[in-house]
Amino acid sequence: MEAKELIGLDVAEKEWTNFLIDNEADTLIPDPDKKDSPDKEDREDYQSKKANFDKAVKAISKGIISIDDDIITQKLRYPIEKASGEVLYSKLEYNQRWTAKDRQEIYKGRDPHKPDEAMAIQQKLLSKLTDIDYIVLGKLDIRDQKLTDVIISVFFL
């Protein structure tokens, strides 16, 4: 079931844009000048950034993502549960506090260009930002994970 819009898309877009700028991630804001560029790479870059940007804006407008004091909270559409059905996590809180050493440890010995290793890196990054064991995060529904990937990109440019 589709969640209803709680705030206007224009307000959500402004909130996400400001968050990206405040966190020095403004390169994730789609550049409208590239939309109709004669350069194929520019157009593809625009389309990719626009799709991810719109995903976050839509989630904010529906209350799935909230931002408070630079901490993002994502309500999970499909909570992480134990086999018994007990809910372990119904939301994820992203706290941007991490160190260069943390990042080195996550990437150590991994090739981000290999799909299976890239997924492992994403899971470890998510674990670091949310302080939830990466094994538990392996139970995250793919529909929720599509949004986690957008959020992670803000912190690990």
# chains A, B, ... in the order shown; residues from 1 in each chain; ligands from 1
>>> select_by_dssp(residues="chain A", states="strand (DSSP E)", output="ChimeraX atom specification")
/A:65-68,71-81,87-94
>>> write_last_selection(atoms="N, CA and C atoms", output="compact mmCIF listing (two decimals), in the first residue's frame")
# COMPACT_ATOMS: atom_id res chain seq x y z
N ILE A 65 11.35 9.10 5.36
CA ILE A 65 12.62 9.66 5.79
C ILE A 65 12.33 10.94 6.55
N SER A 66 13.00 11.10 7.70
CA SER A 66 12.95 12.38 8.41
C SER A 66 14.39 12.76 8.76
N ILE A 67 14.62 14.06 8.82
CA ILE A 67 15.96 14.58 9.12
C ILE A 67 15.84 15.50 10.32
N ASP A 68 16.63 15.19 11.35
CA ASP A 68 16.61 16.01 12.56
C ASP A 68 18.03 16.11 13.09
N ILE A 71 20.72 13.89 11.59
CA ILE A 71 20.53 12.44 11.71
C ILE A 71 19.29 12.08 10.89
N ILE A 72 19.48 11.14 9.99
CA ILE A 72 18.37 10.69 9.15
C ILE A 72 17.73 9.47 9.79
N THR A 73 16.42 9.47 9.84
CA THR A 73 15.68 8.30 10.29
C THR A 73 14.86 7.79 9.12
N GLN A 74 14.99 6.51 8.85
CA GLN A 74 14.24 5.86 7.77
C GLN A 74 13.28 4.85 8.40
N LYS A 75 11.99 5.05 8.21
CA LYS A 75 11.01 4.06 8.65
C LYS A 75 11.04 2.92 7.64
N LEU A 76 11.17 1.71 8.14
CA LEU A 76 11.21 0.56 7.24
C LEU A 76 9.79 0.17 6.84
N ARG A 77 9.58 -0.01 5.57
CA ARG A 77 8.28 -0.48 5.09
C ARG A 77 8.09 -1.94 5.49
N TYR A 78 9.22 -2.65 5.57
CA TYR A 78 9.21 -4.07 5.93
C TYR A 78 10.21 -4.26 7.07
N PRO A 79 9.75 -4.16 8.31
CA PRO A 79 10.67 -4.26 9.46
C PRO A 79 11.50 -5.54 9.44
N ILE A 80 12.68 -5.45 10.03
CA ILE A 80 13.56 -6.61 10.16
C ILE A 80 13.04 -7.40 11.35
N GLU A 81 12.76 -8.68 11.11
CA GLU A 81 12.17 -9.53 12.15
C GLU A 81 13.02 -10.76 12.41
N VAL A 87 9.69 -8.20 15.89
CA VAL A 87 10.33 -7.11 15.18
C VAL A 87 11.61 -6.69 15.90
N LEU A 88 12.71 -6.73 15.17
CA LEU A 88 13.99 -6.27 15.71
C LEU A 88 14.18 -4.78 15.44
N TYR A 89 13.89 -4.37 14.21
CA TYR A 89 14.05 -2.97 13.81
C TYR A 89 12.92 -2.56 12.88
N SER A 90 12.28 -1.45 13.23
CA SER A 90 11.24 -0.90 12.36
C SER A 90 11.70 0.40 11.73
N LYS A 91 12.89 0.85 12.13
CA LYS A 91 13.47 2.05 11.54
C LYS A 91 14.99 1.96 11.62
N LEU A 92 15.64 2.75 10.80
CA LEU A 92 17.09 2.86 10.82
C LEU A 92 17.43 4.32 11.09
N GLU A 93 18.39 4.54 11.97
CA GLU A 93 18.86 5.89 12.24
C GLU A 93 20.30 6.00 11.75
N TYR A 94 20.52 6.93 10.85
CA TYR A 94 21.83 7.14 10.24
C TYR A 94 22.53 8.29 10.95
>>> residues_around(residues="region 13-22 of chain A", least_positions_apart="2", cutoff="9 Å", atoms="only C-alpha atoms", output="list in words")
Gly8, Leu9, Asp10, Val11, Glu24, Ala25, Asp26, Thr27, Leu28, Ile29, Phe53, Asp54, Ala56, Val57, Lys58, Ile60, Ser61, Ile67, Asp70 and Val154 of chain A
>>> residues_around(residues="region 120-134 of chain A", least_positions_apart="5", cutoff="10 Å", atoms="only C-alpha atoms", output="MDAnalysis selection string")
chainID A and resid 71:73 89 91:98 102:103 105:108 110:112 114:115 139:140 145 148:149 151:153 155:156
>>> select_by_dssp(residues="chain A", states="alpha helix (DSSP H)", output="ChimeraX atom specification")
/A:9-22,40-61,100-107,115-130,134-137,142-155
>>> residues_around(residues="Asp33 (chain A)", least_positions_apart="2", cutoff="12 Å", atoms="only C-alpha atoms", output="list in words")
Ile29, Pro30, Asp31, Lys35, Asp36, Ser37, Pro38, Asp39, Asp42, Arg43, Asp45, Tyr46 and Gln47 of chain A
>>> atom_distance(atom1="CA of Ile64 (chain A)", atom2="CA of Met119 (chain A)")
23.0 Å
